[in-house]
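So the structure is just underneath, and the comments pick up after that.
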Amino acid sequence: MTPMPSQLQIHAAANDDVRSPDLPQLLIIHQPVDFARFESQFSKKFHLLKAWESPLPLDQFLMSYAGSVKAMLFRRVNTQLNADILCQLPALKLIVTSSAGVNHIDVVECRRRGISETNVTNAYSEDVADMAVGLFIDVYRKISAADRFVRQGLGTGKRNYPPGNKLGGKRVGIVGLGSIGLEVAKRLEAFGCIISYNSRSKKPSLSYSFYSNLCELAANSDALVICCGLTVQTHHIINKEVLSALGREGVIVNVGRGPVIDEKELVKSLVNREIRGAGLDVFENEPHVPDELLALDNVVLSPHRAILTPESMQSSNEVMMANLEAFFSNKPLVTPVLMDD
Amino acid sequence: MDSIGVLIPIPMSAYLEQELEKRFNLFKLWTIPHKTQFIKDHATSIRAVIGNAFSGADAELIETLPKLEIVASFSVGLDRVDLKKCKEKGIRVTNTPDVLTDDVADLAIGLALAVMRRLCECDRYVRSGQWKKGDYKLTTKFTGKTVGIIGMGRIGKAVAKRAEAFSCPIVYFSRTEKPDLKFKYYPSVVELASNCDVLVVACPLTEETRHIINREVIDALGPKGVLINIGRGPHVDEPELVSALLEGRLGGAGLDVYQNEPEVPEQLFGLENVVLLPHVGSGTVETRNAMADLVIGNLEAHFLNKPLLTPVV
């Protein structure tokens, strides 16, 4: 049981209130990415309670504001926002997050407590799609591998760097045809790829082939591009069976979430050359990447940064700001996370 | 036909060599110790030369081979072939257009994404263990950036088609304006460079286009601009490019070709805003095979007195 903070400590934490008493409070536990931009915009409208800057342990910091804080920003981190923290914030009514996915928040627990969440839906789709396509081209055309080769100092080598593979005509299976998946499809079509997809539901207005079964999609594809979020249903949906159906010439690109793929099986397939290659922006235990992958030439590795462009950061800030302003003026939230998402 | 002498100067494609050997008397020059002497000794039996991006048929070689009838290039670019001399002497010249258009255009976009989103640099970041210490910084968005294309031939148009899928406005420079294109035309490369974010070199190398990317153009492209060269090394004034990158006057570059291949300027190795490829524009198994088939097809047509498949001269 943590001891009650001393009067001095409570006073120190609450001192911030004196400086900006009229601005609504916004609790932030983990420092957001690109914080300078965020702070310059949000500190004008909100009293930012920055837990990571406080000398107090988290429990005590939260206790100082327990009675008043109604809104919180929780960015994607590797620990989940669950009852442990929520129970310390009885006045909390809104959690805004800067990602599209909400697998880092215990949504059921939030519902139980009457807490709403908002996410950032389409702001990032273009950047994530660009990353997916970049990784896709890199794997097939060996861009990162060839760049490594040139930097070894052998110049362009014996003039016959081992050729890669053509993109045109490749059958691409998109797993999760949401706004990111659609942007990926649109781009890859321009390269002559043939698009099919698996999604929670078929989209009748689209001409792409729909496969309700993921193994069937894999068996009929040369490459799979994972664009779906992480839910209980999608955890490890790319498993040994799917990888096997994809086959020796298969390529996987993942810009969704690491745990959508059974990483152990993926590593095995890559090491044993049971699939051709992979482009990965996400992993099961970030920032840890399996050592076996670090030694492979047929994988392209990216440190979960598909959305890290100034434009996406700005769009994300705008969406979060709009939701917070709506909340504090008792208007409907702009991008609430709905229970069946 | 196996008495017809065909000279191939450097290795290009195992499949090509294999198919040539089946049909002709193939001289693989790189396996021969005394090249000049060899050519002299066999001059009267060599009726065809295989060219590519690095080696073709210059005036000297043409003079040395009195029985030369055809130069079949394993490339679309013919900057290594003395076309004027070939015309004078009635020597046919063929190349490999169309089959490599898509690959080269795919690579141009791949390079732009790799530079702007720092794909290679971040792959290094992960492999070296740096991700455990912190996130990589923000990189530049590609979608929506203005793409300027020099040369609106097959490859230029293919690059435009792909870039449009990323909502990139397209602008271009060409020898003459193309009224059927809906893209904005700029009458000079400097103006084009001033008005785009990503500049792609997609024109043939000729006397006029040598050093088409010079200091003025590089400065116009600027500290946020990115140059993508999928043409030929000599399109770019390489020392100017290198100093612009080192000094931060140019935002970044994706290069598949260099002034003096196989040499690549070492000063670029330490830069994170540069992606360096070893001339792999048409480097896919499928396309190299299709190119080889075209070379073979052209040679067979010639020696059977049939119309050439893809003649240039």
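Residue numbers start at 1 in each chain; chains themselves are named A, B, ... in the order of the structure tokens; ligands are numbered from 1 in the order shown.
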Selection near Tyr211 of chain A, 7 Å with only C-alpha atoms, sequence-local residues under 6 positions removed, as a ChimeraX atom specification
/A:197-198,217
Go ahead and dump the residues you just picked, N, CA, C and O atoms, as a tab-separated table (two decimals), in the first residue's frame.
```
chain	number	residue	atom	x	y	z
A	197	TYR	N	-8.83	-9.48	-50.90
A	197	TYR	CA	-8.79	-9.14	-49.49
A	197	TYR	C	-9.59	-10.09	-48.62
A	197	TYR	O	-10.45	-10.83	-49.08
A	198	ASN	N	-9.23	-10.02	-47.34
A	198	ASN	CA	-10.03	-10.66	-46.31
A	198	ASN	C	-10.33	-9.57	-45.29
A	198	ASN	O	-9.45	-8.78	-44.95
A	217	LEU	N	-7.21	-16.97	-48.97
A	217	LEU	CA	-6.62	-15.73	-49.48
A	217	LEU	C	-5.13	-15.94	-49.69
A	217	LEU	O	-4.56	-15.60	-50.74
```
Quick check: residues of chain B within 6 Å of chain A, only C-alpha atoms, returned as a PyMOL selection string.
chain B and resi 110+113+120+122-123+127+132+138-141+162+165+262-264+269+276-278+283-285
Would you write out those residues with N, CA, C and O atoms, as a short mmCIF file (atom, residue, chain, number, x, y, z; two decimals), in the first residue's frame?
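Below is the file that was written, selection_14.cif:
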```
data_model
loop_
_atom_site.label_atom_id
_atom_site.label_comp_id
_atom_site.auth_asym_id
_atom_site.auth_seq_id
_atom_site.Cartn_x
_atom_site.Cartn_y
_atom_site.Cartn_z
N GLY B 110 10.03 3.34 -55.52
CA GLY B 110 10.66 2.66 -54.38
C GLY B 110 11.78 3.51 -53.79
O GLY B 110 11.92 3.63 -52.57
N LEU B 113 10.30 6.59 -51.91
CA LEU B 113 9.79 6.18 -50.58
C LEU B 113 10.95 5.87 -49.64
O LEU B 113 10.94 6.25 -48.47
N CYS B 120 15.95 2.50 -45.59
CA CYS B 120 17.22 1.81 -45.42
C CYS B 120 17.87 2.21 -44.10
O CYS B 120 18.42 1.38 -43.38
N CYS B 122 16.43 3.22 -41.40
CA CYS B 122 15.70 2.65 -40.27
C CYS B 122 15.93 1.16 -40.15
O CYS B 122 15.94 0.61 -39.05
N ASP B 123 16.13 0.51 -41.28
CA ASP B 123 16.46 -0.92 -41.23
C ASP B 123 17.80 -1.07 -40.50
O ASP B 123 17.96 -1.92 -39.62
N ARG B 127 18.63 -3.03 -36.96
CA ARG B 127 19.65 -4.08 -36.92
C ARG B 127 20.78 -3.77 -35.97
O ARG B 127 21.42 -4.67 -35.44
N LYS B 132 16.13 -0.11 -29.32
CA LYS B 132 15.94 -0.37 -27.89
C LYS B 132 16.19 0.89 -27.08
O LYS B 132 15.71 1.02 -25.96
N LEU B 138 10.91 11.73 -36.82
CA LEU B 138 9.91 11.85 -37.88
C LEU B 138 10.59 11.84 -39.24
O LEU B 138 11.71 12.30 -39.39
N THR B 139 9.88 11.30 -40.23
CA THR B 139 10.40 11.35 -41.60
C THR B 139 9.37 12.08 -42.47
O THR B 139 8.33 12.49 -41.97
N THR B 140 9.69 12.23 -43.74
CA THR B 140 8.87 13.07 -44.61
C THR B 140 7.78 12.28 -45.32
O THR B 140 8.04 11.22 -45.87
N LYS B 141 6.58 12.83 -45.32
CA LYS B 141 5.47 12.19 -46.01
C LYS B 141 5.70 12.21 -47.52
O LYS B 141 6.19 13.20 -48.07
N ARG B 162 2.19 5.81 -61.42
CA ARG B 162 2.35 5.31 -60.05
C ARG B 162 2.24 6.44 -59.03
O ARG B 162 1.56 6.33 -58.01
N ALA B 165 -1.17 7.61 -57.99
CA ALA B 165 -1.88 6.78 -57.02
C ALA B 165 -1.59 7.22 -55.59
O ALA B 165 -2.30 6.85 -54.65
N PRO B 262 31.80 0.98 -62.13
CA PRO B 262 31.14 0.65 -60.87
C PRO B 262 31.49 1.54 -59.68
O PRO B 262 31.12 1.23 -58.56
N GLU B 263 32.15 2.67 -59.89
CA GLU B 263 32.50 3.52 -58.75
C GLU B 263 31.29 4.28 -58.23
O GLU B 263 30.49 4.82 -59.01
N VAL B 264 31.19 4.35 -56.90
CA VAL B 264 30.12 5.12 -56.25
C VAL B 264 30.81 6.07 -55.29
O VAL B 264 31.67 5.64 -54.52
N PHE B 269 28.42 7.61 -48.43
CA PHE B 269 28.11 6.45 -47.59
C PHE B 269 27.63 6.80 -46.20
O PHE B 269 26.90 6.06 -45.58
N LEU B 276 21.50 4.29 -52.17
CA LEU B 276 22.43 3.97 -53.26
C LEU B 276 22.19 2.55 -53.75
O LEU B 276 22.31 1.60 -52.98
N LEU B 277 21.85 2.43 -55.03
CA LEU B 277 21.59 1.10 -55.58
C LEU B 277 22.60 0.79 -56.68
O LEU B 277 23.09 1.70 -57.36
N PRO B 278 22.94 -0.48 -56.88
CA PRO B 278 23.95 -0.86 -57.88
C PRO B 278 23.38 -1.10 -59.28
O PRO B 278 23.48 -2.21 -59.81
N GLY B 283 16.46 -4.79 -62.90
CA GLY B 283 16.98 -5.98 -62.24
C GLY B 283 15.95 -6.89 -61.59
O GLY B 283 15.93 -7.05 -60.37
N THR B 284 15.10 -7.48 -62.41
CA THR B 284 14.25 -8.54 -61.87
C THR B 284 14.44 -9.75 -62.78
O THR B 284 14.74 -9.61 -63.97
N VAL B 285 14.26 -10.90 -62.20
CA VAL B 285 14.42 -12.15 -62.94
C VAL B 285 13.53 -12.14 -64.18
O VAL B 285 13.98 -12.42 -65.29
#
```
Given only C-alpha atoms as the basis, pick out the residue of A:Asn213, A:Ser315, A:Gln80, A:Thr97 nearest to Ser116 of chain A.
A:Thr97
